[in-house]
$ cat input_28.txt   # compact mmCIF, N, CA and C atoms
# COMPACT_ATOMS: atom_id res chain seq x y z
N MET A 1 109.04 112.32 102.19
CA MET A 1 108.08 111.77 103.15
C MET A 1 106.93 112.75 103.32
N ILE A 2 105.76 112.22 103.41
CA ILE A 2 104.56 113.02 103.57
C ILE A 2 104.43 113.44 105.02
N GLU A 3 104.17 114.70 105.25
CA GLU A 3 104.03 115.18 106.61
C GLU A 3 102.61 114.92 107.10
N ALA A 4 102.53 114.37 108.30
CA ALA A 4 101.23 114.02 108.87
C ALA A 4 100.36 115.26 109.06
N GLU A 5 100.98 116.41 109.39
CA GLU A 5 100.19 117.63 109.59
C GLU A 5 99.40 117.98 108.34
N ASN A 6 100.04 117.86 107.17
CA ASN A 6 99.34 118.15 105.92
C ASN A 6 98.18 117.19 105.70
N LEU A 7 98.40 115.92 106.01
CA LEU A 7 97.32 114.95 105.84
C LEU A 7 96.16 115.27 106.76
N ILE A 8 96.47 115.60 108.00
CA ILE A 8 95.41 115.89 108.96
C ILE A 8 94.73 117.20 108.60
N ASP A 9 95.49 118.21 108.16
CA ASP A 9 94.88 119.46 107.73
C ASP A 9 93.90 119.21 106.60
N ASN A 10 94.32 118.41 105.61
CA ASN A 10 93.42 118.08 104.50
C ASN A 10 92.20 117.32 105.00
N GLN A 11 92.42 116.43 105.94
CA GLN A 11 91.32 115.63 106.46
C GLN A 11 90.33 116.52 107.19
N ASP A 12 90.81 117.50 107.96
CA ASP A 12 89.92 118.39 108.69
C ASP A 12 89.07 119.24 107.76
N LYS A 13 89.55 119.53 106.56
CA LYS A 13 88.83 120.37 105.61
C LYS A 13 87.82 119.58 104.79
N GLU A 14 87.85 118.26 104.94
CA GLU A 14 86.93 117.41 104.17
C GLU A 14 85.49 117.76 104.53
N MET A 15 84.68 117.85 103.50
CA MET A 15 83.26 118.07 103.71
C MET A 15 82.52 116.93 103.01
N PRO A 16 82.23 115.85 103.75
CA PRO A 16 81.57 114.72 103.11
C PRO A 16 80.25 115.13 102.47
N SER A 17 80.01 114.58 101.31
CA SER A 17 78.87 114.96 100.49
C SER A 17 77.82 113.85 100.50
N LEU A 18 76.73 114.08 99.78
CA LEU A 18 75.70 113.06 99.64
C LEU A 18 76.27 111.80 99.00
N ASN A 19 77.01 111.96 97.90
CA ASN A 19 77.60 110.78 97.24
C ASN A 19 78.53 110.03 98.18
N HIS A 20 79.34 110.76 98.93
CA HIS A 20 80.26 110.17 99.89
C HIS A 20 79.49 109.33 100.91
N SER A 21 78.47 109.90 101.50
CA SER A 21 77.69 109.19 102.51
C SER A 21 76.96 107.98 101.92
N TYR A 22 76.40 108.15 100.73
CA TYR A 22 75.67 107.07 100.08
C TYR A 22 76.60 105.89 99.80
N ILE A 23 77.77 106.16 99.26
CA ILE A 23 78.74 105.11 98.94
C ILE A 23 79.20 104.41 100.22
N CYS A 24 79.43 105.19 101.26
CA CYS A 24 79.83 104.62 102.55
C CYS A 24 78.79 103.60 103.04
N VAL A 25 77.53 103.98 102.98
CA VAL A 25 76.45 103.09 103.43
C VAL A 25 76.37 101.83 102.57
N GLN A 26 76.51 101.98 101.26
CA GLN A 26 76.43 100.83 100.37
C GLN A 26 77.58 99.85 100.63
N ILE A 27 78.76 100.37 100.89
CA ILE A 27 79.91 99.51 101.21
C ILE A 27 79.68 98.82 102.55
N MET A 28 79.25 99.59 103.55
CA MET A 28 79.02 99.03 104.88
C MET A 28 77.96 97.93 104.82
N ARG A 29 76.91 98.14 104.03
CA ARG A 29 75.84 97.16 103.90
C ARG A 29 76.41 95.81 103.44
N GLN A 30 77.31 95.84 102.47
CA GLN A 30 77.91 94.59 101.98
C GLN A 30 78.86 93.98 103.01
N LEU A 31 79.68 94.81 103.62
CA LEU A 31 80.65 94.30 104.59
C LEU A 31 79.96 93.67 105.80
N LEU A 32 78.85 94.23 106.23
CA LEU A 32 78.15 93.72 107.40
C LEU A 32 77.48 92.36 107.15
N GLN A 33 77.39 91.95 105.91
CA GLN A 33 76.84 90.62 105.60
C GLN A 33 77.80 89.50 105.98
N ASN A 34 79.08 89.84 106.12
CA ASN A 34 80.08 88.86 106.53
C ASN A 34 80.18 88.89 108.06
N GLU A 35 79.71 87.83 108.69
CA GLU A 35 79.65 87.75 110.16
C GLU A 35 81.03 87.81 110.84
N GLU A 36 82.09 87.55 110.08
CA GLU A 36 83.43 87.54 110.67
C GLU A 36 84.07 88.92 110.69
N LEU A 37 83.48 89.87 109.97
CA LEU A 37 84.07 91.20 109.84
C LEU A 37 83.33 92.23 110.68
N LEU A 38 84.07 93.26 111.06
CA LEU A 38 83.47 94.41 111.72
C LEU A 38 84.01 95.67 111.05
N PRO A 39 83.22 96.28 110.16
CA PRO A 39 83.65 97.54 109.55
C PRO A 39 83.27 98.70 110.48
N LEU A 40 84.24 99.53 110.79
CA LEU A 40 84.00 100.67 111.68
C LEU A 40 84.20 101.98 110.93
N PRO A 41 83.17 102.82 110.90
CA PRO A 41 83.32 104.12 110.22
C PRO A 41 84.02 105.14 111.11
N GLU A 42 84.86 105.94 110.49
CA GLU A 42 85.46 107.10 111.16
C GLU A 42 86.21 106.77 112.45
N LEU A 43 86.94 105.67 112.46
CA LEU A 43 87.75 105.31 113.62
C LEU A 43 89.15 105.92 113.45
N THR A 44 89.56 106.72 114.41
CA THR A 44 90.90 107.32 114.34
C THR A 44 91.93 106.27 114.75
N LEU A 45 92.91 106.10 113.88
CA LEU A 45 93.96 105.12 114.10
C LEU A 45 95.19 105.81 114.67
N ASP A 46 95.96 105.08 115.45
CA ASP A 46 97.18 105.62 116.04
C ASP A 46 98.31 105.52 115.02
N ILE A 47 98.17 106.28 113.95
CA ILE A 47 99.15 106.35 112.87
C ILE A 47 99.48 107.82 112.68
N GLU A 48 100.77 108.11 112.66
CA GLU A 48 101.22 109.50 112.61
C GLU A 48 100.56 110.23 113.79
N ASN A 49 99.93 111.36 113.54
CA ASN A 49 99.25 112.10 114.62
C ASN A 49 97.78 111.72 114.74
N GLY A 50 97.41 110.62 114.10
CA GLY A 50 96.02 110.16 114.13
C GLY A 50 95.40 110.32 112.75
N LEU A 51 95.20 109.24 112.05
CA LEU A 51 94.55 109.27 110.73
C LEU A 51 93.23 108.52 110.84
N THR A 52 92.23 109.02 110.14
CA THR A 52 90.88 108.47 110.23
C THR A 52 90.36 108.08 108.86
N PRO A 53 90.45 106.81 108.50
CA PRO A 53 89.84 106.36 107.24
C PRO A 53 88.31 106.45 107.34
N ASP A 54 87.65 106.50 106.20
CA ASP A 54 86.19 106.51 106.21
C ASP A 54 85.65 105.22 106.81
N ILE A 55 86.26 104.08 106.44
CA ILE A 55 85.87 102.78 107.00
C ILE A 55 87.15 101.98 107.27
N SER A 56 87.23 101.42 108.46
CA SER A 56 88.33 100.51 108.82
C SER A 56 87.72 99.14 109.04
N VAL A 57 88.25 98.13 108.35
CA VAL A 57 87.67 96.78 108.41
C VAL A 57 88.58 95.88 109.24
N PHE A 58 87.98 95.29 110.27
CA PHE A 58 88.68 94.40 111.19
C PHE A 58 88.00 93.04 111.19
N LYS A 59 88.72 92.02 111.64
CA LYS A 59 88.08 90.77 112.03
C LYS A 59 87.31 91.09 113.32
N LYS A 60 86.12 90.56 113.42
CA LYS A 60 85.24 90.88 114.56
C LYS A 60 85.92 90.58 115.90
N ASN A 61 86.70 89.50 115.98
CA ASN A 61 87.32 89.13 117.25
C ASN A 61 88.48 90.05 117.65
N GLN A 62 88.86 90.99 116.80
CA GLN A 62 89.93 91.94 117.13
C GLN A 62 89.42 93.15 117.90
N ILE A 63 88.12 93.33 117.95
CA ILE A 63 87.54 94.53 118.54
C ILE A 63 86.85 94.18 119.85
N GLN A 64 87.29 94.80 120.92
CA GLN A 64 86.70 94.62 122.24
C GLN A 64 86.44 95.99 122.86
N PRO A 65 85.28 96.58 122.60
CA PRO A 65 85.02 97.89 123.19
C PRO A 65 84.88 97.80 124.71
N ASN A 66 85.25 98.87 125.38
CA ASN A 66 85.08 99.00 126.82
C ASN A 66 84.32 100.31 127.02
N PHE A 67 83.05 100.21 127.37
CA PHE A 67 82.22 101.40 127.46
C PHE A 67 82.51 102.27 128.67
N LEU A 68 83.42 101.83 129.52
CA LEU A 68 83.85 102.65 130.65
C LEU A 68 85.19 103.32 130.41
N ASP A 69 85.88 102.91 129.35
CA ASP A 69 87.20 103.46 129.05
C ASP A 69 87.40 103.47 127.54
N ASP A 70 87.05 104.56 126.89
CA ASP A 70 87.11 104.65 125.44
C ASP A 70 88.54 104.81 124.95
N VAL A 71 88.75 104.54 123.69
CA VAL A 71 90.05 104.66 123.03
C VAL A 71 89.94 105.75 121.98
N LEU A 72 90.77 106.78 122.06
CA LEU A 72 90.71 107.87 121.10
C LEU A 72 91.49 107.58 119.82
N LYS A 73 92.59 106.83 119.95
CA LYS A 73 93.38 106.43 118.78
C LYS A 73 93.64 104.94 118.88
N PHE A 74 93.00 104.19 117.99
CA PHE A 74 93.09 102.74 118.04
C PHE A 74 94.44 102.28 117.52
N GLU A 75 95.13 101.44 118.31
CA GLU A 75 96.50 101.05 117.99
C GLU A 75 96.62 99.96 116.94
N ARG A 76 95.67 99.04 116.88
CA ARG A 76 95.77 97.91 115.94
C ARG A 76 95.33 98.37 114.55
N PRO A 77 96.16 98.11 113.53
CA PRO A 77 95.75 98.52 112.18
C PRO A 77 94.64 97.61 111.65
N PRO A 78 93.71 98.17 110.90
CA PRO A 78 92.69 97.33 110.27
C PRO A 78 93.31 96.48 109.17
N ILE A 79 92.57 95.50 108.70
CA ILE A 79 93.04 94.68 107.58
C ILE A 79 92.97 95.51 106.30
N VAL A 80 91.85 96.19 106.13
CA VAL A 80 91.63 97.05 104.97
C VAL A 80 91.07 98.37 105.46
N ALA A 81 91.55 99.45 104.87
CA ALA A 81 90.99 100.78 105.12
C ALA A 81 90.36 101.26 103.82
N ILE A 82 89.24 101.96 103.94
CA ILE A 82 88.52 102.43 102.77
C ILE A 82 88.34 103.93 102.86
N GLU A 83 88.69 104.60 101.78
CA GLU A 83 88.52 106.05 101.66
C GLU A 83 87.61 106.34 100.48
N ILE A 84 86.64 107.22 100.67
CA ILE A 84 85.77 107.66 99.59
C ILE A 84 86.09 109.13 99.35
N ILE A 85 86.44 109.44 98.13
CA ILE A 85 86.84 110.81 97.81
C ILE A 85 85.59 111.69 97.70
N SER A 86 85.60 112.78 98.44
CA SER A 86 84.53 113.78 98.34
C SER A 86 84.94 114.83 97.33
N SER A 87 83.98 115.60 96.88
CA SER A 87 84.29 116.63 95.88
C SER A 87 85.23 117.69 96.43
N SER A 88 85.34 117.80 97.75
CA SER A 88 86.24 118.79 98.35
C SER A 88 87.67 118.26 98.53
N GLN A 89 87.94 117.02 98.09
CA GLN A 89 89.27 116.42 98.26
C GLN A 89 89.93 116.17 96.91
N SER A 90 91.26 116.11 96.95
CA SER A 90 91.98 115.74 95.73
C SER A 90 92.34 114.25 95.79
N ILE A 91 92.34 113.64 94.63
CA ILE A 91 92.71 112.22 94.55
C ILE A 91 94.12 112.03 95.08
N GLN A 92 95.03 112.92 94.70
CA GLN A 92 96.43 112.76 95.10
C GLN A 92 96.60 112.80 96.61
N SER A 93 95.89 113.69 97.30
CA SER A 93 96.04 113.76 98.76
C SER A 93 95.56 112.47 99.42
N ILE A 94 94.49 111.88 98.90
CA ILE A 94 93.99 110.63 99.47
C ILE A 94 94.91 109.46 99.12
N LEU A 95 95.47 109.45 97.92
CA LEU A 95 96.43 108.40 97.57
C LEU A 95 97.69 108.52 98.43
N ASN A 96 98.11 109.74 98.73
CA ASN A 96 99.25 109.94 99.63
C ASN A 96 98.93 109.40 101.03
N LYS A 97 97.74 109.70 101.51
CA LYS A 97 97.30 109.19 102.82
C LYS A 97 97.29 107.66 102.79
N SER A 98 96.86 107.09 101.68
CA SER A 98 96.81 105.63 101.54
C SER A 98 98.19 105.01 101.70
N LYS A 99 99.18 105.65 101.12
CA LYS A 99 100.56 105.14 101.23
C LYS A 99 101.03 105.16 102.69
N VAL A 100 100.67 106.21 103.41
CA VAL A 100 101.04 106.29 104.83
C VAL A 100 100.35 105.17 105.61
N LEU A 101 99.09 104.91 105.31
CA LEU A 101 98.35 103.84 105.99
C LEU A 101 98.96 102.47 105.69
N VAL A 102 99.32 102.22 104.45
CA VAL A 102 99.95 100.95 104.09
C VAL A 102 101.31 100.81 104.76
N ASP A 103 102.08 101.88 104.76
CA ASP A 103 103.39 101.85 105.42
C ASP A 103 103.27 101.56 106.92
N ALA A 104 102.11 101.89 107.50
CA ALA A 104 101.88 101.66 108.93
C ALA A 104 101.37 100.25 109.22
N GLY A 105 101.20 99.42 108.18
CA GLY A 105 100.83 98.04 108.41
C GLY A 105 99.47 97.60 107.92
N ILE A 106 98.71 98.50 107.33
CA ILE A 106 97.42 98.11 106.77
C ILE A 106 97.69 97.38 105.46
N LYS A 107 97.08 96.21 105.29
CA LYS A 107 97.37 95.36 104.13
C LYS A 107 96.94 95.99 102.81
N ALA A 108 95.77 96.66 102.81
CA ALA A 108 95.27 97.28 101.58
C ALA A 108 94.41 98.49 101.92
N VAL A 109 94.52 99.50 101.08
CA VAL A 109 93.66 100.67 101.20
C VAL A 109 92.92 100.80 99.88
N TRP A 110 91.59 100.89 99.97
CA TRP A 110 90.76 101.10 98.80
C TRP A 110 90.36 102.56 98.76
N VAL A 111 90.64 103.22 97.65
CA VAL A 111 90.24 104.61 97.45
C VAL A 111 89.17 104.62 96.37
N ILE A 112 87.99 105.07 96.74
CA ILE A 112 86.87 105.07 95.81
C ILE A 112 86.70 106.48 95.26
N GLU A 113 86.73 106.58 93.94
CA GLU A 113 86.55 107.86 93.25
C GLU A 113 85.19 107.79 92.53
N PRO A 114 84.18 108.46 93.08
CA PRO A 114 82.82 108.31 92.57
C PRO A 114 82.59 108.77 91.14
N TYR A 115 83.21 109.86 90.71
CA TYR A 115 82.93 110.40 89.39
C TYR A 115 83.26 109.41 88.28
N GLY A 116 84.41 108.76 88.40
CA GLY A 116 84.82 107.76 87.41
C GLY A 116 84.42 106.36 87.79
N ARG A 117 83.73 106.24 88.95
CA ARG A 117 83.33 104.93 89.48
C ARG A 117 84.54 103.99 89.51
N SER A 118 85.64 104.53 90.02
CA SER A 118 86.91 103.83 90.05
C SER A 118 87.30 103.49 91.48
N ILE A 119 87.99 102.38 91.62
CA ILE A 119 88.50 101.95 92.91
C ILE A 119 90.00 101.73 92.76
N PHE A 120 90.78 102.51 93.49
CA PHE A 120 92.23 102.36 93.50
C PHE A 120 92.56 101.48 94.71
N VAL A 121 93.25 100.38 94.48
CA VAL A 121 93.67 99.51 95.58
C VAL A 121 95.17 99.69 95.75
N VAL A 122 95.55 100.18 96.93
CA VAL A 122 96.94 100.46 97.25
C VAL A 122 97.41 99.41 98.26
N THR A 123 98.52 98.74 97.92
CA THR A 123 99.14 97.75 98.82
C THR A 123 100.63 98.03 98.90
N ALA A 124 101.32 97.27 99.71
CA ALA A 124 102.77 97.44 99.84
C ALA A 124 103.49 97.13 98.53
N THR A 125 102.89 96.35 97.67
CA THR A 125 103.54 96.00 96.41
C THR A 125 103.12 96.89 95.24
N GLY A 126 102.30 97.89 95.50
CA GLY A 126 101.90 98.80 94.44
C GLY A 126 100.42 99.10 94.46
N GLY A 127 99.89 99.37 93.28
CA GLY A 127 98.48 99.72 93.20
C GLY A 127 97.84 99.18 91.94
N LYS A 128 96.52 99.12 91.98
CA LYS A 128 95.76 98.64 90.84
C LYS A 128 94.44 99.41 90.81
N VAL A 129 93.89 99.61 89.61
CA VAL A 129 92.64 100.34 89.47
C VAL A 129 91.56 99.40 88.94
N PHE A 130 90.39 99.49 89.56
CA PHE A 130 89.23 98.72 89.15
C PHE A 130 88.12 99.70 88.79
N HIS A 131 87.17 99.25 87.98
CA HIS A 131 86.03 100.09 87.59
C HIS A 131 84.74 99.30 87.75
N GLU A 132 83.88 99.73 88.65
CA GLU A 132 82.56 99.14 88.84
C GLU A 132 82.56 97.62 88.80
N GLU A 133 83.41 97.00 89.58
CA GLU A 133 83.48 95.54 89.62
C GLU A 133 83.76 95.10 91.05
N ALA A 134 83.74 93.80 91.28
CA ALA A 134 84.03 93.28 92.61
C ALA A 134 85.53 93.45 92.90
N VAL A 135 85.82 93.88 94.10
CA VAL A 135 87.19 94.06 94.55
C VAL A 135 87.37 93.21 95.81
N GLU A 136 88.50 92.52 95.88
CA GLU A 136 88.78 91.68 97.04
C GLU A 136 90.22 91.86 97.49
N SER A 137 90.39 92.05 98.78
CA SER A 137 91.72 92.12 99.40
C SER A 137 91.65 91.41 100.74
N GLU A 138 92.60 90.53 100.98
CA GLU A 138 92.71 89.85 102.27
C GLU A 138 91.39 89.17 102.67
N GLY A 139 90.66 88.65 101.71
CA GLY A 139 89.41 87.97 101.99
C GLY A 139 88.22 88.89 102.20
N ILE A 140 88.43 90.17 102.03
CA ILE A 140 87.35 91.16 102.17
C ILE A 140 86.92 91.56 100.77
N LYS A 141 85.62 91.44 100.52
CA LYS A 141 85.13 91.64 99.15
C LYS A 141 83.92 92.58 99.14
N VAL A 142 83.93 93.48 98.16
CA VAL A 142 82.80 94.37 97.91
C VAL A 142 82.55 94.39 96.40
N ASP A 143 81.30 94.25 96.01
CA ASP A 143 80.91 94.33 94.60
C ASP A 143 80.51 95.76 94.29
N PHE A 144 81.42 96.49 93.65
CA PHE A 144 81.17 97.90 93.38
C PHE A 144 80.17 98.15 92.27
N SER A 145 79.83 97.11 91.49
CA SER A 145 78.74 97.29 90.53
C SER A 145 77.43 97.49 91.29
N GLN A 146 77.34 96.89 92.48
CA GLN A 146 76.16 97.09 93.34
C GLN A 146 76.22 98.43 94.07
N VAL A 147 77.40 98.84 94.46
CA VAL A 147 77.57 100.12 95.16
C VAL A 147 77.14 101.27 94.27
N PHE A 148 77.53 101.23 93.00
CA PHE A 148 77.24 102.34 92.09
C PHE A 148 75.90 102.21 91.37
N ARG A 149 75.19 101.12 91.62
CA ARG A 149 73.88 100.95 90.99
C ARG A 149 72.88 101.90 91.64
N ILE A 150 72.13 102.58 90.81
CA ILE A 150 71.14 103.54 91.34
C ILE A 150 69.75 103.01 91.14
$ encode --input "input_28.txt" --output "structure tokens"
Amino acid sequence: MIEAENLIDNQDKEMPSLNHSYICVQIMRQLLQNEELLPLPELTLDIENGLTPDISVFKKNQIQPNFLDDVLKFERPPIVAIEIISSSQSIQSILNKSKVLVDAGIKAVWVIEPYGRSIFVVTATGGKVFHEEAVESEGIKVDFSQVFRI
């Protein structure tokens, strides 16, 4: 079993890069076109001691902010969580984190590896790798040929 402390330690050492930020924005741009979805960046989930995917995708009606009483660790799992690997992270550590997220009830975790322009989709039934193409899980779709287009 993966220890949450190691995951959080690795997460704290992450130094998001230009590529990381750029890819995050390109993904968010596509997700925000779907009026039924609400993609939230850097939301800490109440999983283990608190895990924070780069993007957590929810149905819009699942999110009810209260500006007088904030939530530090959101209890409801997103439908899809998205992780973008930075140059300061290892693929294996993020894939391990993905397994923890899926075990906690997230239907799919997408891990984007910019150098190979690869998308690893991790689900309860296993994983699959895509390269610069459209990826869809649980009705959530992103065209990665557009994300990686410069």
$ closest_residue --input "input_28.txt" --among "A:Val142, A:Ile119, A:Val102, A:Val147" --to "Tyr22 of chain A" --atoms "only C-alpha atoms"
A:Val147
$ select_by_dssp --input "input_28.txt" --residues "chain A" --states "alpha helix (DSSP H)" --output "count of residues only"
41
$ select_by_dssp --input "input_28.txt" --residues "segment 56-149 of chain A" --states "strand (DSSP E)" --output "ChimeraX atom specification"
/A:56-59,80-84,108-113,118-123,126-131,134-137,140-143
$ residues_around --input "input_28.txt" --residues "segment 123-131 of chain A" --least-positions-apart "2" --cutoff "10 Å" --atoms "only C-alpha atoms" --output "number ranges by chain"
A: 80, 95, 98-99, 101-103, 105-113, 116-121, 133-135, 137, 144-145
$ closest_residue --input "input_28.txt" --among "A:Pro41, A:Arg76, A:Thr52, A:Ile27" --to "Gln146 of chain A" --atoms "only N, CA and C atoms"
A:Ile27
$ atom_distance --input "input_28.txt" --atom1 "atom C of Glu48 of chain A" --atom2 "atom N of Arg29 of chain A"
28.3 Å
$ residues_around --input "input_28.txt" --residues "Pro39 of chain A" --least-positions-apart "2" --cutoff "8 Å" --atoms "only N, CA and C atoms" --output "PDB file with N, CA and C atoms, in the frame of the given file"
ATOM      1  N   MET A  28      79.250  99.590 103.550  1.00  0.00           N
ATOM      2  CA  MET A  28      79.020  99.030 104.880  1.00  0.00           C
ATOM      3  C   MET A  28      77.960  97.930 104.820  1.00  0.00           C
ATOM      4  N   LEU A  31      79.680  94.810 103.620  1.00  0.00           N
ATOM      5  CA  LEU A  31      80.650  94.300 104.590  1.00  0.00           C
ATOM      6  C   LEU A  31      79.960  93.670 105.800  1.00  0.00           C
ATOM      7  N   LEU A  32      78.850  94.230 106.230  1.00  0.00           N
ATOM      8  CA  LEU A  32      78.150  93.720 107.400  1.00  0.00           C
ATOM      9  C   LEU A  32      77.480  92.360 107.150  1.00  0.00           C
ATOM     10  N   GLU A  36      82.090  87.550 110.080  1.00  0.00           N
ATOM     11  CA  GLU A  36      83.430  87.540 110.670  1.00  0.00           C
ATOM     12  C   GLU A  36      84.070  88.920 110.690  1.00  0.00           C
ATOM     13  N   LEU A  37      83.480  89.870 109.970  1.00  0.00           N
ATOM     14  CA  LEU A  37      84.070  91.200 109.840  1.00  0.00           C
ATOM     15  C   LEU A  37      83.330  92.230 110.680  1.00  0.00           C
ATOM     16  N   PRO A  41      83.170 102.820 110.900  1.00  0.00           N
ATOM     17  CA  PRO A  41      83.320 104.120 110.220  1.00  0.00           C
ATOM     18  C   PRO A  41      84.020 105.140 111.110  1.00  0.00           C
ATOM     19  N   GLU A  42      84.860 105.940 110.490  1.00  0.00           N
ATOM     20  CA  GLU A  42      85.460 107.100 111.160  1.00  0.00           C
ATOM     21  C   GLU A  42      86.210 106.770 112.450  1.00  0.00           C
ATOM     22  N   ASP A  54      87.650 106.500 106.200  1.00  0.00           N
ATOM     23  CA  ASP A  54      86.190 106.510 106.210  1.00  0.00           C
ATOM     24  C   ASP A  54      85.650 105.220 106.810  1.00  0.00           C
ATOM     25  N   ILE A  55      86.260 104.080 106.440  1.00  0.00           N
ATOM     26  CA  ILE A  55      85.870 102.780 107.000  1.00  0.00           C
ATOM     27  C   ILE A  55      87.150 101.980 107.270  1.00  0.00           C
ATOM     28  N   SER A  56      87.230 101.420 108.460  1.00  0.00           N
ATOM     29  CA  SER A  56      88.330 100.510 108.820  1.00  0.00           C
ATOM     30  C   SER A  56      87.720  99.140 109.040  1.00  0.00           C
ATOM     31  N   VAL A  57      88.250  98.130 108.350  1.00  0.00           N
ATOM     32  CA  VAL A  57      87.670  96.780 108.410  1.00  0.00           C
ATOM     33  C   VAL A  57      88.580  95.880 109.240  1.00  0.00           C
ATOM     34  N   PHE A  58      87.980  95.290 110.270  1.00  0.00           N
ATOM     35  CA  PHE A  58      88.680  94.400 111.190  1.00  0.00           C
ATOM     36  C   PHE A  58      88.000  93.040 111.190  1.00  0.00           C
ATOM     37  N   LYS A  59      88.720  92.020 111.640  1.00  0.00           N
ATOM     38  CA  LYS A  59      88.080  90.770 112.030  1.00  0.00           C
ATOM     39  C   LYS A  59      87.310  91.090 113.320  1.00  0.00           C
ATOM     40  N   LYS A  60      86.120  90.560 113.420  1.00  0.00           N
ATOM     41  CA  LYS A  60      85.240  90.880 114.560  1.00  0.00           C
ATOM     42  C   LYS A  60      85.920  90.580 115.900  1.00  0.00           C
TER      43      LYS A  60
END
$ closest_residue --input "input_28.txt" --among "A:Ile85, A:Phe74, A:Ile140, A:Ile79" --to "Leu43 of chain A" --atoms "all atoms listed in the file"
A:Phe74
